[in-house]
Amino acid sequence: MTRQAIEITGLRKTYAGQKGEPDKTALNGVDLSIPAGSIFGLLGPNGAGKSTLINILAGLVNKTSGQVGIWGFDQDVNPRQSRAAIGVMPQELNIDPFFTPRGALDVQAGLYGVPKSERRTEDILELIGLSDKAEAYARTLSGGMRRRLLLGKALVHNPAVLVLDEPTAGVDIELRQMLWDNVRALNKQGMTIILTTHYLEEAEEMCDEIAIINHGEVVVRDTTATLLGQLDAKTLVLTLERDTALTLPEGVTQDRKPDGRLALTYRRSQISAGQILAAVAEAGGVVVDVTSEEPDLQDVFLSLTRSAA
Ligand code: ADP
């Protein structure tokens with residue numbers, strides 16, 4: 001049987017309402033297991049509950065009820081071991097400006113009780129490409145360097161599971177590539193990686209499996225390949241010179257947009273845009289303008305929650 005890096009059952013979190021506001025349920029009974037050795041994506045719109053879930057895993061937020069197992073350690077029964085098994089690279093760039101990268105890594109290692117002889121400070125500096133900045137004050141580091149330092153801090157205790165919260169939000173392409181190269185290398189060495197992202201493309205490229213969270217619940221969890229198979233819908237939006245009755249190839253659905261344009265939705269795996277445009281021309285349709293729409297995360301939710309209903 002595959003070993004599970006994370007096992008979550010019946011996880012709920014309700015934040016108490018402030019100043020007369022009603023309580024807010026952020027997680028509403030999440031069951032989720034994440035296999036060891038995988039790169040696992042947690043996707044969902046803003047407010048879905050992703051950060052709450054990650055913060056509970058990291059031990060930063062107390063759950064309301066349910067069970068959380070990290071690397072086989074129940075958070076309630078073995079809090080110390082379960083905390084030692086996980087490292088989190090947070091979203092915000094909260095780095096003490098007066099520490100150097102080497103100092104920050106040492107302090108972090110101290111917090112996790114890593115003995116001096118077992119610290120891998122130099123290796124980590126090398127991995128995150130900050131060896132030559134090891135003695136620079138953090139306030140002189142660029143945003144990209146700070147982010148890499150946050151990754152380094154998450155690694156000081158050599159956790160079995162690494163969690164990355166929106167690691168590439170607002171990051172330029174070069175840094176994104178470097179972060180992903182690092183993450184892949186760590187995964188190759190056996191580290192389980194969990195990441196949240198808004199970018200479907202990134203999840204497609206990086207993750208073996210994906211869970212989509214919406215309104216505090218896991219609405220779907222599957223391999224990336226299977227999910228992508230469901231995502232190959234695409235839409236061509238046509239402006240025609242005049243209304244024309246169209247006979248379209250099988251599998252193409254027609255819809256009229258509020259502005260009168262024609263939306264033709266099809267499966268990329270079954271038919272090409274060229275074939276559809278040819279059929280439109282064949283039927284005497286004169287195309288004035290054409291744009292296309294790819295499914296985005298929102299569409300994925302809609303289609304998945306609809307088909308699950
Ligand atoms: P995500 O990371 O997917 O954007 P969050 O876990 O941050 O989602 O938020 C889930 C829900 O819980 C949201 O409705 C959010 O407003 C609420 N929430 C998050 N943190 C708090 C908090 N500290 N106090 C009250 N409500 C919160």
# chains A, B, ... in the order shown; residues from 1 in each chain; ligands from 1

$ residues_around --residues "segment 149-165 of chain A" --least-positions-apart "3" --cutoff "9 Å" --atoms "only C-alpha atoms" --output "PyMOL selection string"
chain A and resi 5-6+36-37+50-51+54+57-58+70-71+83-91+93-95+101+104-106+108-109+112-114+119-121+124-125+127-128+130+144-146+168+179+190-197

$ residues_near_ligand --ligand "ligand 1" --cutoff "8 Å" --atoms "only C-alpha atoms and all ligand atoms" --output "ChimeraX atom specification"
/A:14-18,23-27,43-53,213-216

$ closest_residue --among "A:Thr140, A:Val218, A:Ala211, A:Thr223" --to "Val30 of chain A" --atoms "only C-alpha atoms"
A:Val218

$ residues_around --residues "Thr291 of chain A" --least-positions-apart "6" --cutoff "10 Å" --atoms "only C-alpha atoms" --output "PyMOL selection string"
chain A and resi 235-239+263

$ write_last_selection --atoms "C-alpha atoms" --output "mmCIF file, in the first residue's frame"
data_model
loop_
_atom_site.group_PDB
_atom_site.id
_atom_site.type_symbol
_atom_site.label_atom_id
_atom_site.label_comp_id
_atom_site.auth_asym_id
_atom_site.auth_seq_id
_atom_site.Cartn_x
_atom_site.Cartn_y
_atom_site.Cartn_z
ATOM 1 C CA THR A 235 -15.003 27.976 -26.770
ATOM 2 C CA LEU A 236 -14.812 29.962 -29.980
ATOM 3 C CA VAL A 237 -16.691 33.239 -29.851
ATOM 4 C CA LEU A 238 -17.752 34.459 -33.282
ATOM 5 C CA THR A 239 -19.150 37.733 -34.515
ATOM 6 C CA ALA A 263 -20.265 30.913 -28.508
#

$ atom_distance --atom1 "atom CA of Gly10 of chain A" --atom2 "atom CA of Gln67 of chain A"
6.6 Å

$ atom_distance --atom1 "atom CA of Leu141 of chain A" --atom2 "atom CA of Val183 of chain A"
21.2 Å

$ select_by_dssp --residues "segment 59-150 of chain A" --states "helix (DSSP H, G or I)" --output "MDAnalysis selection string"
chainID A and resid 79:84 101:111 116:118 121:127 131:133 138:140 143:150

$ closest_residue --among "A:Phe40, A:Phe98, A:Tyr266, A:Phe73" --to "Arg139 of chain A" --atoms "only C-alpha atoms"
A:Phe98

$ decode --residues "segment 154-168 of chain A" --atoms "all heavy atoms" --output "compact mmCIF listing (two decimals), in the first residue's frame"
# COMPACT_ATOMS: atom_id res chain seq x y z
N ALA A 154 12.17 26.83 5.38
CA ALA A 154 11.23 25.70 5.50
C ALA A 154 11.97 24.36 5.48
O ALA A 154 11.39 23.34 5.82
CB ALA A 154 10.19 25.75 4.38
N LEU A 155 13.24 24.40 5.08
CA LEU A 155 13.98 23.15 4.87
C LEU A 155 14.96 22.80 5.99
O LEU A 155 15.54 21.71 5.97
CB LEU A 155 14.76 23.22 3.55
CG LEU A 155 13.93 23.33 2.27
CD1 LEU A 155 14.84 23.59 1.08
CD2 LEU A 155 13.11 22.07 2.06
N VAL A 156 15.14 23.72 6.95
CA VAL A 156 16.25 23.53 7.91
C VAL A 156 16.16 22.22 8.71
O VAL A 156 17.18 21.64 9.07
CB VAL A 156 16.37 24.70 8.93
CG1 VAL A 156 16.84 25.96 8.25
CG2 VAL A 156 15.09 24.89 9.70
N HIS A 157 14.95 21.76 8.99
CA HIS A 157 14.82 20.54 9.80
C HIS A 157 14.59 19.32 8.93
O HIS A 157 14.16 18.28 9.41
CB HIS A 157 13.71 20.71 10.84
CG HIS A 157 12.37 21.07 10.25
ND1 HIS A 157 12.17 22.22 9.50
CD2 HIS A 157 11.18 20.42 10.26
CE1 HIS A 157 10.91 22.25 9.11
NE2 HIS A 157 10.30 21.17 9.54
N ASN A 158 14.89 19.47 7.63
CA ASN A 158 14.79 18.37 6.67
C ASN A 158 13.45 17.64 6.77
O ASN A 158 13.40 16.44 7.00
CB ASN A 158 15.95 17.39 6.90
CG ASN A 158 16.17 16.50 5.69
OD1 ASN A 158 15.72 16.83 4.58
ND2 ASN A 158 16.80 15.37 5.89
N PRO A 159 12.36 18.39 6.59
CA PRO A 159 11.03 17.79 6.79
C PRO A 159 10.71 16.76 5.70
O PRO A 159 11.21 16.87 4.58
CB PRO A 159 10.09 18.99 6.67
CG PRO A 159 10.80 19.94 5.77
CD PRO A 159 12.27 19.77 6.09
N ALA A 160 9.87 15.79 6.05
CA ALA A 160 9.43 14.80 5.05
C ALA A 160 8.45 15.44 4.08
O ALA A 160 8.36 15.04 2.92
CB ALA A 160 8.77 13.62 5.77
N VAL A 161 7.71 16.44 4.57
CA VAL A 161 6.66 17.08 3.77
C VAL A 161 6.93 18.58 3.70
O VAL A 161 7.14 19.22 4.72
CB VAL A 161 5.27 16.85 4.42
CG1 VAL A 161 4.17 17.45 3.55
CG2 VAL A 161 5.01 15.37 4.66
N LEU A 162 6.93 19.10 2.49
CA LEU A 162 7.15 20.54 2.30
C LEU A 162 5.89 21.16 1.72
O LEU A 162 5.35 20.69 0.72
CB LEU A 162 8.33 20.75 1.34
CG LEU A 162 8.61 22.20 0.92
CD1 LEU A 162 9.09 23.02 2.10
CD2 LEU A 162 9.65 22.24 -0.21
N VAL A 163 5.42 22.21 2.40
CA VAL A 163 4.21 22.89 1.94
C VAL A 163 4.57 24.27 1.40
O VAL A 163 5.27 25.03 2.07
CB VAL A 163 3.19 23.05 3.09
CG1 VAL A 163 1.95 23.78 2.60
CG2 VAL A 163 2.81 21.69 3.65
N LEU A 164 4.11 24.57 0.21
CA LEU A 164 4.39 25.86 -0.42
C LEU A 164 3.07 26.57 -0.65
O LEU A 164 2.21 26.08 -1.37
CB LEU A 164 5.08 25.64 -1.77
CG LEU A 164 6.27 24.67 -1.77
CD1 LEU A 164 6.62 24.24 -3.18
CD2 LEU A 164 7.46 25.34 -1.11
N ASP A 165 2.91 27.73 0.01
CA ASP A 165 1.65 28.45 -0.10
C ASP A 165 1.78 29.52 -1.18
O ASP A 165 2.49 30.50 -0.98
CB ASP A 165 1.31 29.08 1.26
CG ASP A 165 -0.12 29.59 1.31
OD1 ASP A 165 -0.87 29.41 0.33
OD2 ASP A 165 -0.49 30.18 2.34
N GLU A 166 1.15 29.32 -2.30
CA GLU A 166 1.23 30.26 -3.43
C GLU A 166 2.67 30.68 -3.71
O GLU A 166 2.96 31.89 -3.70
CB GLU A 166 0.38 31.51 -3.13
CG GLU A 166 -1.09 31.23 -2.99
CD GLU A 166 -1.82 31.26 -4.34
OE1 GLU A 166 -1.21 31.64 -5.37
OE2 GLU A 166 -3.00 30.88 -4.37
N PRO A 167 3.55 29.72 -3.96
CA PRO A 167 4.98 30.08 -4.02
C PRO A 167 5.32 31.03 -5.16
O PRO A 167 6.32 31.75 -5.07
CB PRO A 167 5.67 28.73 -4.23
CG PRO A 167 4.62 27.84 -4.80
CD PRO A 167 3.33 28.29 -4.21
N THR A 168 4.55 31.04 -6.21
CA THR A 168 4.97 31.85 -7.36
C THR A 168 4.02 32.99 -7.67
O THR A 168 4.10 33.58 -8.73
CB THR A 168 5.12 30.96 -8.61
OG1 THR A 168 3.89 30.31 -8.87
CG2 THR A 168 6.21 29.94 -8.43
